[in-house]
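Text of upload_34.pdb, listed as PDB, C-alpha atoms:
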```pdb
MODEL        1
ATOM      1  CA  MET A   1       0.000   0.000   0.000
ATOM      2  CA  MET A   2       1.302   3.429  -0.966
ATOM      3  CA  PRO A   3       2.178   5.530   2.123
ATOM      4  CA  LYS A   4       0.367   8.833   2.551
ATOM      5  CA  VAL A   5       2.563  11.626   3.883
ATOM      6  CA  PRO A   6       0.841  14.855   4.946
ATOM      7  CA  THR A   7       2.448  18.241   4.392
ATOM      8  CA  PRO A   8       1.344  20.205   7.467
ATOM      9  CA  ASP A   9       1.096  23.966   7.703
ATOM     10  CA  ASP A  10       0.829  25.527  11.149
ATOM     11  CA  GLY A  11      -0.435  28.806   9.721
ATOM     12  CA  SER A  12       2.653  30.712  10.791
ATOM     13  CA  ARG A  13       4.352  33.111   8.407
ATOM     14  CA  THR A  14       7.621  31.524   9.517
ATOM     15  CA  PHE A  15       6.584  28.059   8.305
ATOM     16  CA  ILE A  16       8.074  27.233   4.861
ATOM     17  CA  GLN A  17       5.404  25.158   3.124
ATOM     18  CA  SER A  18       7.554  24.396   0.086
ATOM     19  CA  LEU A  19      10.303  22.959   2.302
ATOM     20  CA  ALA A  20       7.765  20.745   4.078
ATOM     21  CA  ARG A  21       6.490  19.471   0.739
ATOM     22  CA  GLY A  22       9.990  18.728  -0.461
ATOM     23  CA  MET A  23      10.729  16.775   2.702
ATOM     24  CA  ALA A  24       7.476  14.856   2.222
ATOM     25  CA  VAL A  25       8.874  13.494  -1.038
ATOM     26  CA  LEU A  26      11.886  12.111   0.848
ATOM     27  CA  GLU A  27       9.632  10.607   3.526
ATOM     28  CA  VAL A  28       7.575   8.750   0.927
ATOM     29  CA  LEU A  29      10.674   7.369  -0.758
ATOM     30  CA  SER A  30      12.074   6.277   2.619
ATOM     31  CA  GLN A  31       8.946   4.215   3.323
ATOM     32  CA  CYS A  32       8.781   2.369  -0.003
ATOM     33  CA  GLU A  33      10.614  -0.824  -0.859
ATOM     34  CA  ARG A  34      10.797  -0.059  -4.592
ATOM     35  CA  PRO A  35      11.463   2.990  -6.783
ATOM     36  CA  LEU A  36       8.418   5.161  -7.534
ATOM     37  CA  ASN A  37       7.426   7.098 -10.627
ATOM     38  CA  LEU A  38       6.125  10.676 -10.572
ATOM     39  CA  THR A  39       2.470   9.617 -10.624
ATOM     40  CA  GLU A  40       2.920   7.432  -7.553
ATOM     41  CA  LEU A  41       4.911  10.091  -5.728
ATOM     42  CA  ALA A  42       2.379  12.814  -6.522
ATOM     43  CA  GLU A  43      -0.457  10.640  -5.229
ATOM     44  CA  ALA A  44       1.362   9.851  -1.987
ATOM     45  CA  VAL A  45       2.385  13.436  -1.276
ATOM     46  CA  GLY A  46      -0.901  14.941  -2.433
ATOM     47  CA  LEU A  47       0.609  17.348  -4.969
ATOM     48  CA  ASN A  48       0.521  17.655  -8.750
ATOM     49  CA  LYS A  49       3.133  15.952 -10.908
ATOM     50  CA  VAL A  50       4.769  19.189 -12.056
ATOM     51  CA  THR A  51       5.488  20.289  -8.480
ATOM     52  CA  VAL A  52       6.742  16.854  -7.460
ATOM     53  CA  SER A  53       8.923  16.743 -10.585
ATOM     54  CA  ARG A  54      10.648  19.955  -9.478
ATOM     55  CA  PHE A  55      11.268  18.597  -5.994
ATOM     56  CA  CYS A  56      12.676  15.369  -7.425
ATOM     57  CA  TYR A  57      14.931  17.274  -9.816
ATOM     58  CA  THR A  58      16.310  19.295  -6.891
ATOM     59  CA  TRP A  59      16.891  16.216  -4.706
ATOM     60  CA  VAL A  60      18.619  14.456  -7.623
ATOM     61  CA  ARG A  61      20.909  17.442  -8.249
ATOM     62  CA  LEU A  62      21.777  17.557  -4.532
ATOM     63  CA  GLY A  63      22.589  13.844  -4.565
ATOM     64  CA  TYR A  64      19.919  12.646  -2.120
ATOM     65  CA  VAL A  65      17.691  10.929  -4.705
ATOM     66  CA  HIS A  66      18.573   8.766  -7.703
ATOM     67  CA  ARG A  67      16.578   8.775 -10.975
ATOM     68  CA  THR A  68      16.587   5.521 -12.933
ATOM     69  CA  PRO A  69      16.652   5.382 -16.746
ATOM     70  CA  ASP A  70      12.933   4.518 -16.773
ATOM     71  CA  LYS A  71      12.131   7.645 -14.707
ATOM     72  CA  HIS A  72      11.620   6.073 -11.286
ATOM     73  CA  TYR A  73      13.040   7.558  -8.099
ATOM     74  CA  HIS A  74      14.632   6.089  -4.976
ATOM     75  CA  LEU A  75      16.838   7.395  -2.174
ATOM     76  CA  ALA A  76      20.542   7.674  -2.913
ATOM     77  CA  PRO A  77      23.225   6.559  -0.425
ATOM     78  CA  LYS A  78      24.016  10.196   0.415
ATOM     79  CA  VAL A  79      20.785  10.464   2.415
ATOM     80  CA  LEU A  80      22.204   7.978   4.930
ATOM     81  CA  SER A  81      24.729  10.585   6.033
ATOM     82  CA  LEU A  82      21.924  12.694   7.493
ATOM     83  CA  GLY A  83      20.341   9.932   9.537
ATOM     84  CA  TYR A  84      23.603   8.351  10.606
ATOM     85  CA  GLY A  85      24.969  11.691  11.688
ATOM     86  CA  ALA A  86      21.949  12.264  13.903
ATOM     87  CA  LEU A  87      22.099   8.768  15.371
ATOM     88  CA  CYS A  88      25.789   9.070  16.167
ATOM     89  CA  CYS A  89      25.078  12.230  18.123
ATOM     90  CA  MET A  90      22.590  10.451  20.368
ATOM     91  CA  ASP A  91      24.259   9.797  23.708
ATOM     92  CA  ILE A  92      21.890   6.910  24.398
ATOM     93  CA  ARG A  93      23.240   4.953  21.436
ATOM     94  CA  GLN A  94      26.863   5.609  22.286
ATOM     95  CA  VAL A  95      26.341   4.575  25.896
ATOM     96  CA  GLY A  96      24.254   1.502  25.132
ATOM     97  CA  GLU A  97      26.087   0.009  22.167
ATOM     98  CA  PRO A  98      28.617  -2.266  23.952
ATOM     99  CA  TYR A  99      26.029  -3.503  26.448
ATOM    100  CA  LEU A 100      23.476  -4.335  23.760
ATOM    101  CA  GLN A 101      26.124  -6.221  21.846
ATOM    102  CA  GLU A 102      27.080  -8.176  24.944
ATOM    103  CA  LEU A 103      23.425  -8.953  25.752
ATOM    104  CA  SER A 104      22.877 -10.313  22.242
ATOM    105  CA  ARG A 105      26.019 -12.417  22.539
ATOM    106  CA  THR A 106      25.031 -13.748  25.960
ATOM    107  CA  LEU A 107      21.466 -14.704  25.013
ATOM    108  CA  GLY A 108      22.184 -15.607  21.416
ATOM    109  CA  GLU A 109      19.145 -13.554  20.397
ATOM    110  CA  THR A 110      18.331 -10.376  18.499
ATOM    111  CA  VAL A 111      18.535  -7.225  20.627
ATOM    112  CA  ASN A 112      17.154  -3.805  19.664
ATOM    113  CA  MET A 113      17.101  -0.286  21.074
ATOM    114  CA  ALA A 114      14.551   2.360  20.084
ATOM    115  CA  VAL A 115      13.478   5.844  21.111
ATOM    116  CA  ARG A 116      10.070   7.477  20.783
ATOM    117  CA  ASP A 117       9.549   9.917  17.950
ATOM    118  CA  GLY A 118       5.995  11.220  18.111
ATOM    119  CA  ILE A 119       3.580   8.294  17.720
ATOM    120  CA  GLU A 120       6.305   5.920  16.517
ATOM    121  CA  ILE A 121       9.435   4.242  17.774
ATOM    122  CA  LEU A 122      12.696   4.848  15.935
ATOM    123  CA  TYR A 123      15.305   2.089  15.888
ATOM    124  CA  VAL A 124      18.698   3.476  16.895
ATOM    125  CA  ASP A 125      20.664   0.249  17.389
ATOM    126  CA  ARG A 126      20.195  -3.475  16.799
ATOM    127  CA  TYR A 127      22.104  -6.749  16.804
ATOM    128  CA  VAL A 128      20.450  -9.475  14.733
ATOM    129  CA  THR A 129      21.030 -13.200  15.176
ATOM    130  CA  GLU A 130      18.301 -14.524  12.862
ATOM    131  CA  PRO A 131      15.705 -13.052  10.478
ATOM    132  CA  ILE A 132      12.253 -13.292  12.070
ATOM    133  CA  MET A 133      10.092 -10.737  10.289
ATOM    134  CA  LYS A 134       9.148 -10.955   6.612
ATOM    135  CA  HIS A 135      10.515  -7.467   6.019
ATOM    136  CA  PRO A 136      13.776  -7.079   8.006
ATOM    137  CA  LEU A 137      14.198  -3.936  10.096
ATOM    138  CA  HIS A 138      17.201  -1.628  10.076
ATOM    139  CA  ILE A 139      18.612   1.243  12.101
ATOM    140  CA  GLY A 140      16.382   4.208  11.368
ATOM    141  CA  ALA A 141      13.267   2.076  10.869
ATOM    142  CA  ARG A 142      10.018   3.307  12.405
ATOM    143  CA  LEU A 143       7.183   1.255  13.865
ATOM    144  CA  PRO A 144       3.917   2.080  15.683
ATOM    145  CA  LEU A 145       3.949   2.461  19.443
ATOM    146  CA  HIS A 146       0.871   0.356  20.207
ATOM    147  CA  CYS A 147       1.944  -2.957  18.651
ATOM    148  CA  THR A 148       5.612  -3.086  19.693
ATOM    149  CA  SER A 149       7.095  -4.107  23.011
ATOM    150  CA  MET A 150       9.476  -1.137  23.048
ATOM    151  CA  GLY A 151       6.658   1.256  22.187
ATOM    152  CA  LYS A 152       4.505  -0.033  25.016
ATOM    153  CA  ALA A 153       7.444   0.019  27.452
ATOM    154  CA  ILE A 154       8.092   3.688  26.707
ATOM    155  CA  LEU A 155       4.410   4.654  26.735
ATOM    156  CA  ALA A 156       3.758   2.957  30.055
ATOM    157  CA  PHE A 157       6.424   4.986  31.867
ATOM    158  CA  LEU A 158       5.578   8.400  30.452
ATOM    159  CA  PRO A 159       4.074  10.898  32.905
ATOM    160  CA  ALA A 160       0.295  10.461  32.963
ATOM    161  CA  LYS A 161      -0.471  13.749  31.198
ATOM    162  CA  GLU A 162       2.033  13.144  28.424
ATOM    163  CA  ARG A 163       0.881   9.561  27.972
ATOM    164  CA  ASN A 164      -2.737  10.646  27.615
ATOM    165  CA  GLU A 165      -1.769  13.258  25.034
ATOM    166  CA  VAL A 166       0.068  10.635  22.990
ATOM    167  CA  LEU A 167      -2.786   8.144  23.230
ATOM    168  CA  THR A 168      -5.271  10.784  22.092
ATOM    169  CA  ASN A 169      -3.420  11.082  18.780
ATOM    170  CA  LEU A 170      -2.440   7.432  18.429
ATOM    171  CA  PRO A 171      -4.099   5.541  15.536
ATOM    172  CA  LEU A 172      -4.589   1.910  16.572
ATOM    173  CA  HIS A 173      -4.070   0.323  13.173
ATOM    174  CA  ILE A 174      -4.657  -3.420  12.836
ATOM    175  CA  VAL A 175      -1.355  -5.084  11.918
ATOM    176  CA  THR A 176      -2.060  -8.731  12.822
ATOM    177  CA  HIS A 177      -4.928 -10.706  14.329
ATOM    178  CA  ARG A 178      -3.407 -10.057  17.791
ATOM    179  CA  THR A 179      -2.935  -6.290  17.550
ATOM    180  CA  ILE A 180      -4.557  -4.207  20.301
ATOM    181  CA  THR A 181      -7.220  -2.099  18.592
ATOM    182  CA  THR A 182      -9.071  -0.323  21.421
ATOM    183  CA  LEU A 183      -7.874   2.475  23.667
ATOM    184  CA  GLU A 184      -9.341   0.749  26.737
ATOM    185  CA  ALA A 185      -7.386  -2.447  26.094
ATOM    186  CA  LEU A 186      -4.190  -0.518  25.467
ATOM    187  CA  GLN A 187      -4.622   1.551  28.649
ATOM    188  CA  TRP A 188      -5.138  -1.633  30.658
ATOM    189  CA  GLU A 189      -2.003  -3.225  29.214
ATOM    190  CA  LEU A 190       0.102  -0.110  29.783
ATOM    191  CA  ASP A 191      -0.945  -0.071  33.429
ATOM    192  CA  GLN A 192       0.118  -3.686  33.710
ATOM    193  CA  VAL A 193       3.452  -2.942  31.997
ATOM    194  CA  ARG A 194       4.155  -0.166  34.480
ATOM    195  CA  ARG A 195       3.406  -2.475  37.423
ATOM    196  CA  GLN A 196       5.558  -5.370  36.226
ATOM    197  CA  GLY A 197       8.364  -3.309  34.707
ATOM    198  CA  TYR A 198       8.429  -4.872  31.254
ATOM    199  CA  ALA A 199       6.307  -5.099  28.099
ATOM    200  CA  LEU A 200       5.529  -8.019  25.823
ATOM    201  CA  ASN A 201       4.719  -8.233  22.146
ATOM    202  CA  ASP A 202       3.022 -11.535  21.335
ATOM    203  CA  GLU A 203       2.622 -11.546  17.533
ATOM    204  CA  GLU A 204       1.003  -8.086  17.613
ATOM    205  CA  LEU A 205       3.434  -6.710  15.038
ATOM    206  CA  SER A 206       4.299  -9.794  13.007
ATOM    207  CA  VAL A 207       3.062 -13.382  13.119
ATOM    208  CA  GLY A 208       5.865 -15.596  14.400
ATOM    209  CA  LEU A 209       7.535 -12.806  16.414
ATOM    210  CA  ARG A 210       7.617 -12.373  20.177
ATOM    211  CA  SER A 211       9.611  -9.799  22.095
ATOM    212  CA  ILE A 212      10.102  -8.474  25.587
ATOM    213  CA  ALA A 213      11.164  -4.896  26.361
ATOM    214  CA  VAL A 214      12.278  -2.802  29.322
ATOM    215  CA  PRO A 215      12.356   1.015  29.329
ATOM    216  CA  VAL A 216      15.621   2.911  29.717
ATOM    217  CA  LEU A 217      14.962   5.552  32.364
ATOM    218  CA  LYS A 218      16.920   8.739  32.954
ATOM    219  CA  HIS A 219      15.887  10.621  36.070
ATOM    220  CA  GLY A 220      12.674   8.601  36.030
ATOM    221  CA  GLN A 221      11.767   9.474  32.430
ATOM    222  CA  PRO A 222      11.734   6.881  29.607
ATOM    223  CA  VAL A 223      14.337   7.981  27.071
ATOM    224  CA  ALA A 224      14.455   4.689  25.166
ATOM    225  CA  ALA A 225      13.669   0.991  25.424
ATOM    226  CA  VAL A 226      15.593  -2.208  24.787
ATOM    227  CA  ASN A 227      14.036  -5.478  23.696
ATOM    228  CA  VAL A 228      14.916  -9.069  22.943
ATOM    229  CA  ALA A 229      13.130 -10.423  19.868
ATOM    230  CA  VAL A 230      12.651 -14.150  19.281
ATOM    231  CA  SER A 231      10.745 -16.591  17.117
ATOM    232  CA  THR A 232       7.498 -18.059  18.466
ATOM    233  CA  SER A 233       8.680 -21.468  17.253
ATOM    234  CA  ARG A 234      11.432 -21.441  19.876
ATOM    235  CA  TYR A 235       9.937 -19.484  22.767
ATOM    236  CA  THR A 236       6.653 -19.430  24.611
ATOM    237  CA  VAL A 237       5.784 -16.212  26.430
ATOM    238  CA  GLU A 238       6.674 -17.866  29.731
ATOM    239  CA  ALA A 239      10.044 -19.062  28.427
ATOM    240  CA  LEU A 240      10.816 -15.610  27.023
ATOM    241  CA  VAL A 241      10.234 -13.992  30.405
ATOM    242  CA  GLU A 242      12.133 -16.661  32.315
ATOM    243  CA  ARG A 243      15.194 -16.886  30.074
ATOM    244  CA  CYS A 244      15.639 -13.347  28.784
ATOM    245  CA  LEU A 245      14.138 -10.880  31.274
ATOM    246  CA  PRO A 246      16.835 -11.086  34.010
ATOM    247  CA  ALA A 247      19.717 -10.340  31.629
ATOM    248  CA  LEU A 248      17.643  -7.703  29.807
ATOM    249  CA  LYS A 249      16.846  -5.908  33.059
ATOM    250  CA  GLU A 250      20.482  -5.975  34.120
ATOM    251  CA  THR A 251      21.623  -4.493  30.807
ATOM    252  CA  VAL A 252      19.027  -1.729  30.908
ATOM    253  CA  ARG A 253      19.853  -0.954  34.545
ATOM    254  CA  THR A 254      23.517  -0.498  33.592
ATOM    255  CA  ILE A 255      22.659   1.815  30.693
ATOM    256  CA  SER A 256      20.249   3.839  32.853
ATOM    257  CA  ASP A 257      22.856   4.216  35.599
ATOM    258  CA  LEU A 258      25.454   5.441  33.118
ATOM    259  CA  LEU A 259      23.048   7.948  31.604
ATOM    260  CA  ALA A 260      22.206   9.295  35.063
ATOM    261  CA  LYS A 261      25.886   9.906  35.756
ATOM    262  CA  GLN A 262      26.511  11.818  32.560
ATOM    263  CA  VAL A 263      27.838  15.342  32.955
ATOM    264  CA  PRO A 264      26.602  17.757  30.277
ATOM    265  CA  VAL A 265      29.398  18.879  27.986
ATOM    266  CA  ARG A 266      30.021  22.611  28.155
ATOM    267  CA  ARG A 267      30.565  24.281  24.808
ATOM    268  CA  VAL A 268      33.629  26.494  24.988
ATOM    269  CA  HIS A 269      33.848  29.378  22.559
ATOM    270  CA  ARG A 270      37.362  29.598  21.218
ATOM    271  CA  ARG A 271      38.463  33.007  20.127
ATOM    272  CA  SER A 272      40.034  33.188  16.681
ATOM    273  CA  GLU A 273      43.162  35.173  16.063
ATOM    274  CA  GLY A 274      41.141  37.917  14.421
ATOM    275  CA  GLU A 275      38.908  38.537  17.438
TER
ENDMDL
END
```
Would you mind giving the structure from this file in structure tokens?
Amino acid sequence: MMPKVPTPDDGSRTFIQSLARGMAVLEVLSQCERPLNLTELAEAVGLNKVTVSRFCYTWVRLGYVHRTPDKHYHLAPKVLSLGYGALCCMDIRQVGEPYLQELSRTLGETVNMAVRDGIEILYVDRYVTEPIMKHPLHIGARLPLHCTSMGKAILAFLPAKERNEVLTNLPLHIVTHRTITTLEALQWELDQVRRQGYALNDEELSVGLRSIAVPVLKHGQPVAAVNVAVSTSRYTVEALVERCLPALKETVRTISDLLAKQVPVRRVHRRSEGE
């Protein structure tokens, strides 16, 4: 299904609508698994083909989009520099990386870390031991909050007011036959997650996939979550909790403790010789 990307306008004179529309073209291309032609892009972005053609021409000239000989468009490798640069600047990833790697090695299972970005989780690190999902995930991938263990772990530990604001704007799309689709059911599960300290995903995102997640807290606030993802053919829910939760909790506790001890880096202005 072709993704629909809105191009919002907050009504402010400061808001650059054309820039938002140009970025929408990149967002559509980032969500598709194949190159798109102008007609498909225009439909997804909600603009006419002439306007989209100009955006594509600009992105191609800048090196962020590639145009195939048959006039289809896909992201060029240069665009990775933007996302990777942002991810490398995230302290949480730098702090957590060696501990996630060690957890994956110890358990022999796939380990992921994600942060919340609006109504989605954003993968910032992962160590894969076996392909479980039909469409493999990657660093920078986004998934819904309500049908992922990391999404639920983060949601459950948000302050009540913030959590309610997120839930108000959260579309509960049906992904599998086990996806939570009502706000009441999701609220109940989030309360349970907060009480027990971990969240489960039992085929709510992908049939054949189970995962368990624990939030990474900094000064009591959820700044990320870490999960262990396994195949349902090898783990029951009970076995997942018994075998993986202790090591997962220990890893997350270590990362949280290190984040709490971080000292903000002071930016020192260095005077040039001409000053």
List the spatial neighbours of region 90-96 of chain A as a PyMOL selection string - criterion: any atom at most 12 Å away, only C-alpha atoms, same-chain residues fewer than 3 positions off excluded.
chain A and resi 83-87+99-103+111-115+122-127+139+216-218+222-226+251-265
Hits of the PyMOL selection byres ((chain A and resi 110) around 12) in this structure, as JSON, numbers by chain
{"A": [100, 101, 102, 103, 104, 105, 106, 107, 108, 109, 111, 112, 113, 125, 126, 127, 128, 129, 130, 131, 132, 133, 136, 137, 209, 210, 211, 212, 213, 226, 227, 228, 229, 230, 231, 244, 248]}
Under the PyMOL selection byres ((chain A and resi 186) around 12), which residues of this model are included? Write them out as number ranges by chain.
A: 145-148, 151-153, 155-156, 163-164, 167-168, 170-172, 179-185, 187-193, 199
For the provided coordinates, the residues matched by the PyMOL selection byres ((chain A and resi 52-69) around 12) should be stated as an MDAnalysis selection string.
chainID A and resid 18:30 34:51 70:83
Would you compute the distance between CA of Ser206 (chain A) and CA of Val175 (chain A)? Give it in Å to one decimal.
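A separation of 7.4 Å between them.
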Å distance separating CA of Glu165 (chain A) from CA of Cys32 (chain A), one decimal place
29.3 Å
d(CA of Ile174 (chain A), CA of Gly208 (chain A)) in Å:
16.2 Å
As lines of an AutoDock Vina configuration file, please report the centre and edge lengths, rounded to one decimal in Å, of the axis-aligned box that holds all listed atoms of region 223-232 of chain A with 8 Å of padding on each of the six sides.
```
center_x = 11.5
center_y = -5.0
center_z = 22.1
size_x = 24.1
size_y = 42.0
size_z = 26.0
```
